[in-house]
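Following: one structure in structure tokens, then a few remarks.
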Amino acid sequence: MEQRSYKYFDFILALFVTVLITSNIASSAKIVDWGFSILGVRMAFDGGTLLFPISYIFGDVLTEVYGYRRSRRVIWSGFGGLALTAFVLWIVKILPGEANWEAYAGQFAYDAILGGMTSGGIVIASLTAYWAGEFSNSFIMAKMKILTKGRYLWMRTIGSTLVGEGVDTTLFVTIASLFGVFPWSVFASLVLTNYIFKVGVEAVMTPVTYKIVNFLKKHENEDYYDYDTDFNPFTLGV
């Protein structure tokens, strides 16, 4: 594959990783209650749901403009950044607290808010769900682009998100619940509300996605089609 330099690729990569890490910390910190139920299922979601869908928009843009192979490198960059964040928060957790900090906050507050990001369950859930969901999204996006000959971007972004977010949400809540991070009593609520909200954000943001894609294609002079791509997710080659 021809090696090219791009004006905006590194910028998008940095934003993608930032969104990913921030959303995972927010997921650990708080569960938000919408205040109503649908068919008896309480509409509640973890805090990261507010921001996490944007990472899928970035994923769609990256695959659409730069192709699956470069998107794959971004996904692995996010994976590494998320793993490092969890490790650093765990190190901070086990270090002794300063006396004044213990007085106004304390280890209990740290464990209650950030402890989820340091527990084995949430880390395994986050990394597994993120990896499977993002690669599912990117793979389907790339394949649909070929099948549609580059037309119907809205169909490709929403279609790939339906699968990617479905895989991500189900795996994350299931694994986290198995490790006791979330109570099973809110399992259906978390899966349903997370999925509906994430897919809804993708659909609502479609006009913005179009503008970003068109801008990048014009200024990067790139519109990649993955005709001969090796879709193996375990390689970093471009």
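Lettering and numbering for the structure tokens are positional, with chains as A, B, ... in the shown order, residues counted from 1 in each chain, and ligands counted from 1 in the shown order.
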Range 126-135 of chain A environment, 8 Å, only C-alpha atoms, sequence neighbours closer than 6 positions dropped, as a list in words: Asn24, Tyr56, Gly59, Arg72, Ile75, Phe79, Leu82, Ala83, Val163, Gly164, Glu165, Gly166, Val167, Asp168, Thr169, Thr170, Leu171, Phe172 and Pro233 of chain A
In Å, rounded to a single decimal, give me how far CA of Leu114 in chain A is from CA of Thr161 in chain A. 28.2 Å
For range 4-15 of chain A, find every residue with an atom within 7 Å (counting only C-alpha atoms), except residues of its own chain fewer than 4 positions away, and show them as a list in words.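 Final neighbour list, sorted by chain and number: Val19, Val74 and Glu220 of chain A.
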Atoms kept (N, CA and C atoms) for selection, written as a PDB file, in the first residue's frame:
ATOM      1  N   VAL A  19     -11.849  10.587  22.999  1.00  0.00           N
ATOM      2  CA  VAL A  19     -13.267  10.264  23.185  1.00  0.00           C
ATOM      3  C   VAL A  19     -13.417   8.894  23.818  1.00  0.00           C
ATOM      4  N   VAL A  74      -5.805   2.836  13.997  1.00  0.00           N
ATOM      5  CA  VAL A  74      -6.437   3.741  14.951  1.00  0.00           C
ATOM      6  C   VAL A  74      -7.136   2.943  16.050  1.00  0.00           C
ATOM      7  N   GLU A 220      -7.941  15.861   1.647  1.00  0.00           N
ATOM      8  CA  GLU A 220      -6.928  14.811   1.723  1.00  0.00           C
ATOM      9  C   GLU A 220      -6.696  14.156   0.357  1.00  0.00           C
TER      10      GLU A 220
END
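The nearest approach to Asp33 in chain A among the residues A:Leu190, A:Gly121, A:Asp60, A:Val173, with only C-alpha atoms taken into account, belongs to A:Leu190.
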Gap from CA of Ile158 in chain A to CA of Ala203 in chain A - Å, one decimal: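 We find that CA of Ile158 in chain A and CA of Ala203 in chain A lie 6.3 Å from each other.
Take the candidates A:Trp101, A:Tyr227, A:Tyr66, A:Phe52 and check each one against Met144 in chain A using only C-alpha atoms; the shortest distance goes to A:Tyr227.
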Residues of range 2-89 of chain A within 12 Å of range 197-201 of chain A: nearest atom pair and distance (Å, one decimal) for each, counting only C-alpha atoms, sorted by chain and number, as CSV?
residue,atom,partner,partner_atom,distance
A:Trp34,CA,A:Phe197,CA,11.4
A:Met43,CA,A:Phe197,CA,10.1
A:Ala44,CA,A:Phe197,CA,10.4
A:Phe45,CA,A:Phe197,CA,8.9
A:Asp46,CA,A:Phe197,CA,11.1
A:Gly47,CA,A:Phe197,CA,11.8
A:Gly48,CA,A:Lys198,CA,10.5
A:Thr49,CA,A:Lys198,CA,7.0
A:Leu50,CA,A:Lys198,CA,8.2
A:Leu51,CA,A:Lys198,CA,9.0
A:Phe52,CA,A:Lys198,CA,7.7
A:Pro53,CA,A:Lys198,CA,5.1
A:Ile54,CA,A:Val201,CA,8.0
A:Ser55,CA,A:Lys198,CA,10.2
A:Tyr56,CA,A:Lys198,CA,8.9
A:Ile57,CA,A:Val201,CA,9.1
So how far away is CA of Asn221 in chain A from CA of Ser71 in chain A, in Å?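 Going from CA of Ser71 in chain A over to CA of Asn221 in chain A, I get 16.9 Å.
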May I ask which of the residues A:Leu178, A:Ile113, A:Leu95, A:Ala105 is the closest one to Ala26 in chain A, counting only C-alpha atoms? A:Ile113
Counting only C-alpha atoms, which residue out of A:Asn232, A:Ser136, A:Thr18, A:Ser119 sits closest to Gly80 in chain A?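 The shortest atom-to-atom distance to Gly80 in chain A comes from A:Thr18.
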Which is closer to Tyr225 in chain A than all the others in A:Phe139, A:Phe87, A:Phe108, A:Trp154, using only C-alpha atoms? A:Phe139
Find the spatial neighbours of Arg42 in chain A, counting only C-alpha atoms, within a cut-off of 10 Å - ignore same-chain residues fewer than 6 positions away - and output them as a ChimeraX atom specification. /A:33-36,186,188-190,192-193
